[in-house]
Amino acid sequence: MTTPYSTTTAPATAPVTPPARFLLLGDSHAACVGRAAEAAGLSFQGGPVGSGRDFLGPFFDPEGADVVFRDAEAQRLYRRFLDALGAPSLGRSPVPLVCTFGLSAHTIATRENWAIHRDAQGAHAPGFLGGDLFAALVRTTARGALAFYEHAVALGLRVLALMPPQRVPAMSDPAVFFAAQHVLRAELAERGVEVVDLRARVTDRSGLQRPAFCEADDPIHGNLAFGRLLVADLLDRGL
């Protein structure tokens, strides 16, 4: 079961908690942000509502100024977060939306998914990863997430997307991982989403995440230090 991170519900005997600064919706990559915000005493609502692969293809249905998640558990958590904000719908959220949907680049880059596009030596055709066909394939793979961001922006929300940790597990093709991120970042920007991109601060010369920002004994996630950098960036943006 997914455990949400949320800090706006306090016991009756506790001091009044400050208003939430943002609504956090995402996959497991959102967890380090929730932990960092919680450790810093920042009030927010939300957390992970599923795994990365759940938020690539179609996963929600628009319903006026709201959305309905097709997965029952994701919908239950989502409604819990909105209720805690006093928001009857996503479009009535009083705070910005911070999101990681669709940015599970290591899932998109799963090697088997791209085998048909390699030659006998296992190489991609020259220009393939920077070409229109590749971009169209990435857009199609992440069409559910892109539709969600587009809908949220159209509702008038301030929407921020968090670029994922730069970690490429053995199952994924590093070249596809980096190229897919380039496509997704551009697609989000075109839809009016603010992209929080810390790659220049957390990677080494190879473009991969430095160990200081990696969750130990875990091949894909960022750690608390990475979450703190993301939260600091969100605060710098006025959240």
# chains A, B, ... in the order shown; residues from 1 in each chain; ligands from 1

$ residues_around --residues "range 130-135 of chain A" --least-positions-apart "4" --cutoff "10 Å" --atoms "only C-alpha atoms" --output "count of residues only"
13

$ residues_around --residues "Asp27 in chain A" --least-positions-apart "2" --cutoff "6 Å" --atoms "only C-alpha atoms" --output "list of chain:residue names"
A:His29, A:Ala30, A:Pro48, A:Val49, A:Gly50, A:Ser51, A:Gly52

$ write_last_selection --atoms "N, CA and C atoms" --output "PDB file, in the first residue's frame"
ATOM      1  N   HIS A  29       9.140   8.636  -6.739  1.00  0.00           N
ATOM      2  CA  HIS A  29      10.142   9.702  -6.737  1.00  0.00           C
ATOM      3  C   HIS A  29       9.689  10.919  -5.920  1.00  0.00           C
ATOM      4  N   ALA A  30       8.396  10.978  -5.622  1.00  0.00           N
ATOM      5  CA  ALA A  30       7.896  12.083  -4.798  1.00  0.00           C
ATOM      6  C   ALA A  30       8.198  11.874  -3.316  1.00  0.00           C
ATOM      7  N   PRO A  48       3.257  10.046  -2.794  1.00  0.00           N
ATOM      8  CA  PRO A  48       3.105   9.065  -3.872  1.00  0.00           C
ATOM      9  C   PRO A  48       1.711   8.451  -3.868  1.00  0.00           C
ATOM     10  N   VAL A  49       1.162   8.258  -5.066  1.00  0.00           N
ATOM     11  CA  VAL A  49      -0.146   7.604  -5.195  1.00  0.00           C
ATOM     12  C   VAL A  49      -0.064   6.366  -6.090  1.00  0.00           C
ATOM     13  N   GLY A  50       1.147   5.945  -6.425  1.00  0.00           N
ATOM     14  CA  GLY A  50       1.340   4.764  -7.255  1.00  0.00           C
ATOM     15  C   GLY A  50       2.784   4.676  -7.689  1.00  0.00           C
ATOM     16  N   SER A  51       3.068   3.737  -8.582  1.00  0.00           N
ATOM     17  CA  SER A  51       4.421   3.574  -9.107  1.00  0.00           C
ATOM     18  C   SER A  51       4.548   4.275 -10.449  1.00  0.00           C
ATOM     19  N   GLY A  52       5.796   4.497 -10.876  1.00  0.00           N
ATOM     20  CA  GLY A  52       6.039   5.278 -12.082  1.00  0.00           C
ATOM     21  C   GLY A  52       5.330   4.765 -13.310  1.00  0.00           C
TER      22      GLY A  52
END

$ closest_residue --among "A:Leu229, A:Ala154, A:Ala125, A:Ala216" --to "Gly64 in chain A" --atoms "only C-alpha atoms"
A:Ala154

$ closest_residue --among "A:Ile220, A:Val33, A:Leu90, A:Leu198" --to "Ser104 in chain A" --atoms "only C-alpha atoms"
A:Ile220

$ atom_distance --atom1 "CA of Arg158 in chain A" --atom2 "CA of Leu97 in chain A"
6.2 Å

$ atom_distance --atom1 "CA of Val98 in chain A" --atom2 "CA of Ala152 in chain A"
10.9 Å

$ atom_distance --atom1 "CA of Phe22 in chain A" --atom2 "CA of Leu155 in chain A"
15.9 Å

$ closest_residue --among "A:Glu73, A:Asp83, A:Asp173, A:Glu190" --to "Thr110 in chain A" --atoms "only C-alpha atoms"
A:Asp173

$ select_by_dssp --residues "range 96-143 of chain A" --states "helix (DSSP H, G or I)" --output "PyMOL selection string"
chain A and resi 105-108+111-117+128-130+132-141+143

$ residues_around --residues "Leu82 in chain A" --least-positions-apart "4" --cutoff "10 Å" --atoms "only C-alpha atoms" --output "mmCIF file with N, CA and C atoms, in the first residue's frame"
data_model
loop_
_atom_site.group_PDB
_atom_site.id
_atom_site.type_symbol
_atom_site.label_atom_id
_atom_site.label_comp_id
_atom_site.auth_asym_id
_atom_site.auth_seq_id
_atom_site.Cartn_x
_atom_site.Cartn_y
_atom_site.Cartn_z
ATOM 1 N N LEU A 23 0.466 20.993 -3.047
ATOM 2 C CA LEU A 23 -0.111 19.660 -3.179
ATOM 3 C C LEU A 23 0.891 18.819 -3.957
ATOM 4 N N GLN A 45 0.315 18.890 1.478
ATOM 5 C CA GLN A 45 -0.548 17.723 1.380
ATOM 6 C C GLN A 45 -0.092 16.880 0.202
ATOM 7 N N GLY A 46 -0.182 15.557 0.358
ATOM 8 C CA GLY A 46 0.089 14.685 -0.772
ATOM 9 C C GLY A 46 1.201 13.700 -0.536
ATOM 10 N N LEU A 77 -6.521 8.161 -2.227
ATOM 11 C CA LEU A 77 -5.494 9.042 -1.671
ATOM 12 C C LEU A 77 -5.661 10.466 -2.175
ATOM 13 N N TYR A 78 -5.937 10.588 -3.465
ATOM 14 C CA TYR A 78 -6.122 11.916 -4.073
ATOM 15 C C TYR A 78 -7.258 12.673 -3.390
ATOM 16 N N GLY A 86 -9.346 21.264 1.859
ATOM 17 C CA GLY A 86 -10.637 21.944 1.758
ATOM 18 C C GLY A 86 -11.009 22.270 0.328
ATOM 19 N N ALA A 87 -10.499 21.482 -0.607
ATOM 20 C CA ALA A 87 -10.722 21.728 -2.032
ATOM 21 C C ALA A 87 -11.707 20.704 -2.580
ATOM 22 N N PRO A 88 -12.816 21.137 -3.152
ATOM 23 C CA PRO A 88 -13.780 20.177 -3.711
ATOM 24 C C PRO A 88 -13.300 19.531 -5.005
ATOM 25 N N SER A 89 -12.288 20.140 -5.647
ATOM 26 C CA SER A 89 -11.790 19.617 -6.917
ATOM 27 C C SER A 89 -10.362 20.096 -7.117
ATOM 28 N N LEU A 90 -9.681 19.498 -8.078
ATOM 29 C CA LEU A 90 -8.307 19.913 -8.365
ATOM 30 C C LEU A 90 -8.263 21.373 -8.774
ATOM 31 N N ARG A 92 -9.969 23.727 -7.786
ATOM 32 C CA ARG A 92 -10.205 24.614 -6.649
ATOM 33 C C ARG A 92 -9.094 24.504 -5.605
ATOM 34 N N SER A 93 -8.009 23.842 -5.949
ATOM 35 C CA SER A 93 -6.905 23.734 -4.999
ATOM 36 C C SER A 93 -6.368 25.120 -4.675
ATOM 37 N N PRO A 94 -6.166 25.422 -3.399
ATOM 38 C CA PRO A 94 -5.661 26.745 -3.025
ATOM 39 C C PRO A 94 -4.141 26.867 -3.131
#

$ closest_residue --among "A:Val202, A:Ala147, A:Ala175, A:Leu56" --to "Ala123 in chain A" --atoms "only C-alpha atoms"
A:Ala175

$ select_by_dssp --residues "range 135-180 of chain A" --states "strand (DSSP E)" --output "list in words"
Val159, Leu160, Ala161 and Leu162 of chain A

$ closest_residue --among "A:Arg228, A:Arg237, A:Arg111, A:Pro164" --to "Leu42 in chain A" --atoms "only C-alpha atoms"
A:Arg228

$ residues_around --residues "Glu194 in chain A" --least-positions-apart "5" --cutoff "8 Å" --atoms "only C-alpha atoms" --output "number ranges by chain"
A: 159-161, 188-189

$ write_last_selection --atoms "N, CA and C atoms" --output "mmCIF file, in the first residue's frame"
data_model
loop_
_atom_site.group_PDB
_atom_site.id
_atom_site.type_symbol
_atom_site.label_atom_id
_atom_site.label_comp_id
_atom_site.auth_asym_id
_atom_site.auth_seq_id
_atom_site.Cartn_x
_atom_site.Cartn_y
_atom_site.Cartn_z
ATOM 1 N N VAL A 159 1.568 24.674 -11.917
ATOM 2 C CA VAL A 159 2.001 23.278 -11.924
ATOM 3 C C VAL A 159 3.516 23.215 -12.077
ATOM 4 N N LEU A 160 4.154 22.462 -11.191
ATOM 5 C CA LEU A 160 5.600 22.270 -11.235
ATOM 6 C C LEU A 160 5.901 20.785 -11.328
ATOM 7 N N ALA A 161 6.761 20.414 -12.268
ATOM 8 C CA ALA A 161 7.173 19.027 -12.443
ATOM 9 C C ALA A 161 8.625 18.878 -12.022
ATOM 10 N N LEU A 188 6.687 19.354 -21.456
ATOM 11 C CA LEU A 188 6.113 19.979 -20.261
ATOM 12 C C LEU A 188 6.181 21.500 -20.357
ATOM 13 N N ALA A 189 7.318 22.008 -20.787
ATOM 14 C CA ALA A 189 7.465 23.464 -20.915
ATOM 15 C C ALA A 189 6.450 24.020 -21.910
#

$ closest_residue --among "A:Val193, A:Ala109, A:Ala36, A:Ala120" --to "Ala170 in chain A" --atoms "only C-alpha atoms"
A:Ala109
